file query34.txt (compact mmCIF, C-alpha atoms)
# COMPACT_ATOMS: atom_id res chain seq x y z
CA MET A 80 76.80 -3.70 40.54
CA SER A 81 78.88 -4.98 43.54
CA ASN A 82 82.44 -4.29 44.57
CA GLN A 83 83.49 -7.54 43.13
CA ASP A 84 82.48 -6.41 39.70
CA GLU A 85 85.00 -3.55 39.71
CA THR A 86 87.50 -3.98 36.94
CA PRO A 87 91.28 -3.57 37.15
CA GLN A 88 90.93 -0.45 35.02
CA ASP A 89 89.00 1.33 37.69
CA GLU A 90 91.60 0.56 40.35
CA THR A 91 94.38 1.75 38.09
CA ARG A 92 92.56 5.07 37.49
CA GLU A 93 92.07 5.66 41.23
CA ASN A 94 95.75 5.04 42.05
CA ARG A 95 96.82 7.48 39.35
CA LEU A 96 94.59 10.25 40.78
CA ARG A 97 96.00 9.79 44.26
CA LYS A 98 99.54 10.21 43.00
CA GLU A 99 98.69 13.44 41.20
CA LEU A 100 97.01 15.06 44.27
CA PRO A 101 99.27 16.41 47.07
CA GLU A 102 99.15 14.76 50.38
CA GLU A 103 96.84 16.33 52.97
CA VAL A 104 98.66 18.40 55.48
CA PRO A 105 97.05 18.64 58.95
CA ALA A 106 96.02 22.18 59.88
CA ALA A 107 98.38 23.82 62.34
CA ALA A 108 96.86 24.49 65.67
CA ALA A 109 96.06 28.14 66.21
CA GLU A 110 98.53 29.83 68.44
CA PRO A 111 96.97 31.21 71.59
CA ALA A 112 96.64 35.00 71.68
CA LYS A 113 99.14 36.71 73.83
CA ALA A 114 97.88 38.53 76.89
CA PRO A 115 98.18 42.30 76.75
CA GLU A 116 100.60 42.30 79.63
CA GLU A 117 102.92 39.84 77.75
CA GLU A 118 103.19 42.02 74.63
CA GLY A 119 106.18 44.24 74.15
CA THR A 120 107.71 45.22 77.45
CA GLY A 121 105.37 43.36 79.77
CA LEU A 122 104.56 46.50 81.91
CA THR A 123 101.66 46.66 84.36
CA GLY A 124 98.73 49.09 83.99
CA ARG A 125 100.07 51.45 86.67
CA GLN A 126 103.47 51.60 84.99
CA ARG A 127 101.92 52.38 81.60
CA LEU A 128 99.84 55.18 83.26
CA ALA A 129 103.00 56.67 84.76
CA GLN A 130 104.71 56.58 81.37
CA GLY A 131 101.72 58.36 79.83
CA LEU A 132 101.80 61.17 82.40
CA TRP A 133 105.54 61.79 82.55
CA PRO A 134 107.29 63.51 80.96
CA PRO A 135 104.35 65.96 80.49
CA ARG A 136 103.45 67.06 77.00
CA VAL A 137 102.35 70.73 77.25
CA THR A 138 100.78 72.42 74.25
CA ARG A 139 100.86 76.15 73.58
CA ALA A 140 97.14 76.52 74.37
CA GLN A 141 97.56 74.77 77.72
CA LEU A 142 100.48 77.04 78.60
CA ILE A 143 98.44 80.20 77.83
CA VAL A 144 95.51 78.98 79.95
CA ALA A 145 97.87 78.19 82.83
CA LEU A 146 99.38 81.71 82.69
CA LEU A 147 95.92 83.31 82.66
CA LEU A 148 94.82 81.26 85.68
CA PHE A 149 98.00 82.19 87.53
CA GLY A 150 97.42 85.90 86.86
CA LEU A 151 93.81 85.66 88.05
CA GLY A 152 94.83 83.89 91.25
CA PHE A 153 97.57 86.41 91.95
CA GLY A 154 95.15 89.32 91.51
CA LEU A 155 92.63 87.77 93.90
CA ALA A 156 95.35 87.18 96.48
CA VAL A 157 96.51 90.81 96.28
CA GLN A 158 92.94 92.08 96.66
CA VAL A 159 92.31 89.91 99.72
CA ALA A 160 95.60 91.04 101.27
CA SER A 161 94.78 94.74 100.69
CA ASN A 162 91.36 94.34 102.27
CA SER A 163 92.93 92.64 105.26
CA ASP A 164 95.44 95.48 105.69
CA GLY A 165 92.63 98.08 105.59
CA ASP A 166 90.85 96.38 108.47
CA SER A 167 93.97 95.77 110.59
CA ALA A 168 93.58 99.05 112.51
CA LEU A 169 90.09 98.15 113.73
CA ARG A 170 91.03 94.52 114.39
CA GLY A 171 93.67 95.64 116.86
CA ALA A 172 91.33 98.00 118.69
CA ARG A 173 89.90 97.13 122.06
CA GLN A 174 86.24 96.35 122.53
CA GLU A 175 85.53 99.61 124.37
CA ASP A 176 87.23 101.57 121.55
CA LEU A 177 85.05 99.87 118.94
CA VAL A 178 81.95 100.63 121.00
CA ARG A 179 83.05 104.28 121.26
CA ILE A 180 83.53 104.49 117.47
CA LEU A 181 80.09 103.03 116.86
CA ASP A 182 78.57 105.49 119.30
CA GLU A 183 80.30 108.34 117.50
CA LEU A 184 78.87 107.20 114.16
CA ASP A 185 75.42 106.98 115.71
CA ASP A 186 75.79 110.50 117.09
CA ARG A 187 76.80 111.86 113.68
CA THR A 188 73.78 110.18 112.11
CA GLN A 189 71.55 111.69 114.78
CA ARG A 190 72.96 115.17 114.16
CA LEU A 191 72.23 114.89 110.45
CA GLU A 192 68.72 113.71 111.21
CA ASP A 193 68.17 116.64 113.59
CA GLU A 194 69.40 119.06 110.93
CA LYS A 195 67.02 117.52 108.42
CA GLN A 196 64.10 117.91 110.81
CA GLY A 197 65.06 121.53 111.49
CA LEU A 198 65.06 122.36 107.78
CA GLU A 199 61.71 120.66 107.32
CA LYS A 200 60.34 122.68 110.23
CA GLN A 201 61.52 125.93 108.65
CA ARG A 202 59.88 124.95 105.38
CA ASP A 203 56.58 124.22 107.17
CA GLU A 204 56.72 127.52 109.03
CA LEU A 205 57.21 129.42 105.80
CA GLU A 206 54.33 127.61 104.18
CA ASN A 207 51.91 127.92 107.09
CA SER A 208 52.80 131.33 108.55
CA SER A 209 50.12 134.01 108.23
CA ASN A 210 52.83 136.58 107.82
CA GLN A 211 55.34 134.85 105.58
CA ALA A 212 57.34 138.02 104.97
CA GLU A 213 57.99 138.52 108.70
CA GLU A 214 58.83 134.87 109.21
CA ALA A 215 61.22 134.98 106.29
CA ARG A 216 62.92 138.05 107.77
CA LYS A 217 63.41 136.29 111.14
CA GLN A 218 64.85 133.23 109.47
CA THR A 219 67.15 135.41 107.38
CA VAL A 220 68.52 137.11 110.50
CA GLU A 221 69.06 133.75 112.19
CA LYS A 222 70.74 132.33 109.12
CA GLU A 223 72.99 135.40 108.93
CA ARG A 224 74.04 134.86 112.54
CA GLN A 225 74.80 131.20 111.90
CA LEU A 226 76.80 131.99 108.78
CA GLY A 227 78.67 134.69 110.69
CA ILE A 228 79.78 132.06 113.22
CA LEU A 229 80.96 129.76 110.43
CA ALA A 230 82.71 132.60 108.63
CA GLY A 231 84.34 133.81 111.84
CA THR A 232 82.91 137.34 111.62
CA VAL A 233 81.04 137.12 114.95
CA ALA A 234 81.99 135.71 118.34
CA ALA A 235 80.42 132.48 119.59
CA GLN A 236 79.99 130.65 122.86
CA GLY A 237 78.65 127.30 123.93
CA PRO A 238 79.64 123.88 125.28
CA GLY A 239 82.74 122.21 123.95
CA VAL A 240 86.32 121.21 124.74
CA THR A 241 89.70 122.82 125.18
CA MET A 242 92.69 120.88 123.84
CA THR A 243 96.21 121.96 124.77
CA ILE A 244 99.25 120.54 122.93
CA ASP A 245 102.55 121.09 124.73
CA ASP A 246 105.40 120.58 122.24
CA THR A 247 108.63 120.83 124.23
CA LYS A 248 110.63 118.84 121.64
CA GLY A 249 109.51 120.93 118.68
CA THR A 250 108.33 117.85 116.77
CA VAL A 251 104.73 118.87 116.12
CA GLU A 252 104.23 119.96 112.51
CA ALA A 253 101.49 121.77 110.64
CA ASP A 254 99.96 118.64 109.11
CA MET A 255 99.38 117.19 112.60
CA LEU A 256 97.44 120.26 113.69
CA LEU A 257 95.50 120.16 110.42
CA ASP A 258 94.53 116.54 111.12
CA ALA A 259 93.23 117.65 114.53
CA ILE A 260 91.09 120.37 112.91
CA GLN A 261 89.67 117.95 110.34
CA GLU A 262 88.84 115.39 113.04
CA LEU A 263 87.07 118.04 115.12
CA ARG A 264 85.07 119.19 112.11
CA ALA A 265 84.02 115.61 111.36
CA ALA A 266 82.89 115.23 114.97
CA GLY A 267 80.57 118.24 114.71
CA ALA A 268 82.68 121.22 115.77
CA GLU A 269 80.84 124.47 114.99
CA ALA A 270 83.56 126.99 115.89
CA ILE A 271 87.31 126.50 116.34
CA GLN A 272 90.04 128.85 117.50
CA VAL A 273 93.76 127.97 117.65
CA ASN A 274 95.62 130.32 119.96
CA ASP A 275 94.48 133.74 118.68
CA VAL A 276 93.46 132.70 115.15
CA ARG A 277 89.91 131.82 114.13
CA VAL A 278 89.65 128.68 111.99
CA VAL A 279 87.30 129.00 109.00
CA ALA A 280 86.51 127.00 105.88
CA GLY A 281 89.50 128.37 103.96
CA THR A 282 92.06 128.06 106.76
CA TYR A 283 95.48 126.69 105.78
CA LEU A 284 98.47 125.70 107.95
CA THR A 285 102.18 125.69 107.11
CA ASP A 286 105.38 125.04 109.02
CA ALA A 287 107.16 128.22 110.11
CA GLY A 288 110.51 127.66 111.80
CA ASN A 289 109.92 126.49 115.36
CA GLY A 290 106.18 127.09 115.11
CA VAL A 291 103.22 126.85 112.78
CA SER A 292 101.59 129.47 110.57
CA VAL A 293 97.77 129.59 110.47
CA ASP A 294 96.49 131.64 107.54
CA GLY A 295 99.78 133.53 107.56
CA ASN A 296 99.74 134.17 111.34
CA LYS A 297 102.59 132.46 113.16
CA ILE A 298 101.72 130.73 116.44
CA ASN A 299 104.01 128.95 118.87
CA ALA A 300 103.59 126.08 121.31
CA PRO A 301 101.73 125.35 123.44
CA TYR A 302 98.91 125.12 120.88
CA ARG A 303 95.54 125.79 122.47
CA PHE A 304 92.38 124.68 120.64
CA LYS A 305 89.05 126.15 121.79
CA VAL A 306 86.25 124.19 120.18
CA ILE A 307 82.46 124.64 120.43
CA GLY A 308 80.40 121.51 119.89
CA LYS A 309 79.04 118.50 121.70
CA PRO A 310 81.76 117.44 124.17
CA GLN A 311 80.56 113.83 124.17
CA ASP A 312 81.41 113.68 120.44
CA LEU A 313 84.52 115.85 120.28
CA GLU A 314 86.65 114.18 122.97
CA PRO A 315 86.16 110.54 121.79
CA ALA A 316 86.93 111.60 118.21
CA LEU A 317 90.34 112.86 119.32
CA ASN A 318 91.09 109.76 121.40
CA ILE A 319 90.23 107.01 118.89
CA PRO A 320 92.97 104.39 118.34
CA GLY A 321 95.55 105.72 115.90
CA GLY A 322 93.92 109.15 116.01
CA VAL A 323 95.09 112.65 116.83
CA VAL A 324 96.14 112.13 120.46
CA GLN A 325 98.11 108.93 119.82
CA THR A 326 99.87 110.50 116.83
CA LEU A 327 100.95 113.54 118.85
CA GLU A 328 102.06 111.43 121.80
CA LYS A 329 104.28 109.39 119.46
CA GLU A 330 106.03 112.69 118.67
CA GLN A 331 106.63 113.14 122.45
CA ALA A 332 104.03 115.90 122.72
CA THR A 333 101.72 116.19 125.74
CA VAL A 334 97.99 116.49 124.98
CA THR A 335 95.38 117.63 127.50
CA ILE A 336 91.63 117.70 126.75
CA GLU A 337 89.09 119.35 129.05
CA ARG A 338 85.32 119.47 128.65
CA SER A 339 83.42 122.63 129.49
CA ASP A 340 79.83 123.87 129.45
CA LYS A 341 80.96 127.27 128.19
CA ILE A 342 83.66 127.83 125.60
CA VAL A 343 84.14 131.35 124.23
CA VAL A 344 85.52 131.70 120.70
CA ASP A 345 86.15 135.42 120.29
CA ALA A 346 88.87 135.63 117.64
CA LEU A 347 87.25 137.35 114.64
CA ARG A 348 87.80 137.51 110.92
CA ALA A 349 87.04 140.52 108.77
CA ALA A 350 84.22 139.96 106.30
CA LYS A 351 85.71 139.49 102.85
CA ARG A 352 83.79 140.24 99.70
CA PRO A 353 84.30 137.62 97.00
CA ASP A 354 86.15 138.83 93.94
CA TYR A 355 84.14 136.84 91.42
CA ALA A 356 81.26 134.99 93.10
CA ARG A 357 77.90 136.74 93.18
CA SER A 358 74.48 135.71 94.47
CA SER A 359 72.39 133.89 91.89
CA SER A 360 69.04 134.96 93.46
CA GLN A 361 66.94 137.37 91.40
call {"tool": "encode", "arguments": {"input": "query34.txt", "output": "structure tokens"}}
result
Amino acid sequence: MSNQDETPQDETRENRLRKELPEEVPAAAAEPAKAPEEEGTGLTGRQRLAQGLWPPRVTRAQLIVALLLFGLGFGLAVQVASNSDGDSALRGARQEDLVRILDELDDRTQRLEDEKQGLEKQRDELENSSNQAEEARKQTVEKERQLGILAGTVAAQGPGVTMTIDDTKGTVEADMLLDAIQELRAAGAEAIQVNDVRVVAGTYLTDAGNGVSVDGNKINAPYRFKVIGKPQDLEPALNIPGGVVQTLEKEQATVTIERSDKIVVDALRAAKRPDYARSSSQ
């Protein structure tokens, strides 16, 4: 059927349907999305980063960790500073003084090695001697003589040094003389006498008015030390930087040290029997 055959009824029906339907509304064009920088305040990326970092937001856990790290750093700094202070005396020493100190340490090591070899030799002699009883008796006599020198019950002579301390100002105290004795012992002194008093293992010094008391015996200046030992070790030990001589000179005392091939230590101590100690040998 052609278009011409359409009846008026069909046209009327189509017009009525168009009136009942709403008119088509064209779709609104989608609005373009706004760029991130145009939203809100319009800040740049660097400005937003600054706002995120400041003001800082510190939690309790972060604060505790920060305090622990601070304490650890402070402890390390104190330890480094203390180690630096301990080495300051040697850092300020001259090259020749450092060389002298090293030589003194080498000499002490050599003395200990010689003593070790001597003891090993005695052991071998006891083991290999055909007459061990006689050899033991000889070694006992020699050991008694050596112990008598250390105990101050017998006189001794040998190479060493003489140190004289002239204290015109009266500023030298007992602890300064004790430091001198300890330094001499560390340097290998085998017998020491101060004025007319023999120095032994139990010797003590105290201040006594204008002088010093050694084991209860008062002595006055000038203080004269007679020391038996290796002079090449004794004199440098007294003259090390910050040692005995420099300390006494700071107190305006005059110190004189002389080496000698023969020093006589003749001040004696009476043999004292121990009150409680007894030999453990059977």
call {"tool": "closest_residue", "arguments": {"input": "query34.txt", "among": "A:Gly295, A:Gly308, A:Pro320, A:Gly249", "to": "Ile271 of chain A", "atoms": "all atoms listed in the file"}}
result
A:Gly308
call {"tool": "atom_distance", "arguments": {"input": "query34.txt", "atom1": "atom CA of Leu226 of chain A", "atom2": "atom CA of Glu314 of chain A"}}
result
24.8 Å
call {"tool": "atom_distance", "arguments": {"input": "query34.txt", "atom1": "atom CA of Val240 of chain A", "atom2": "atom CA of Ala300 of chain A"}}
result
18.3 Å
call {"tool": "closest_residue", "arguments": {"input": "query34.txt", "among": "A:Lys297, A:Ala270, A:Arg303, A:Thr247", "to": "Gln225 of chain A", "atoms": "only C-alpha atoms"}}
result
A:Ala270
call {"tool": "residues_near_point", "arguments": {"input": "query34.txt", "point": "(88.2, 136.3, 118.9)", "cutoff": "10 Å", "atoms": "all atoms listed in the file", "output": "number ranges by chain"}}
result
A: 231-235, 272, 274-277, 343-348
call {"tool": "atom_distance", "arguments": {"input": "query34.txt", "atom1": "atom CA of Asp176 of chain A", "atom2": "atom CA of Met255 of chain A"}}
result
21.7 Å
call {"tool": "residues_around", "arguments": {"input": "query34.txt", "residues": "Glu328 of chain A", "least_positions_apart": "4", "cutoff": "10 Å", "atoms": "all atoms listed in the file", "output": "PDB file with C-alpha atoms, in the frame of the given file"}}
result
ATOM      1  CA  ILE A 244      99.250 120.540 122.930  1.00  0.00           C
ATOM      2  CA  ASP A 246     105.400 120.580 122.240  1.00  0.00           C
ATOM      3  CA  VAL A 251     104.730 118.870 116.120  1.00  0.00           C
ATOM      4  CA  VAL A 323      95.090 112.650 116.830  1.00  0.00           C
ATOM      5  CA  VAL A 324      96.140 112.130 120.460  1.00  0.00           C
ATOM      6  CA  ALA A 332     104.030 115.900 122.720  1.00  0.00           C
ATOM      7  CA  THR A 333     101.720 116.190 125.740  1.00  0.00           C
ATOM      8  CA  VAL A 334      97.990 116.490 124.980  1.00  0.00           C
TER       9      VAL A 334
END
call {"tool": "closest_residue", "arguments": {"input": "query34.txt", "among": "A:Ala316, A:Ala253, A:Val306, A:Leu142", "to": "Arg338 of chain A", "atoms": "all atoms listed in the file"}}
result
A:Val306
call {"tool": "residues_around", "arguments": {"input": "query34.txt", "residues": "Lys309 of chain A", "least_positions_apart": "4", "cutoff": "10 Å", "atoms": "all atoms listed in the file", "output": "VMD selection string"}}
result
chain A and resid 186 237 to 240 266 to 269 313 to 314 338 to 340
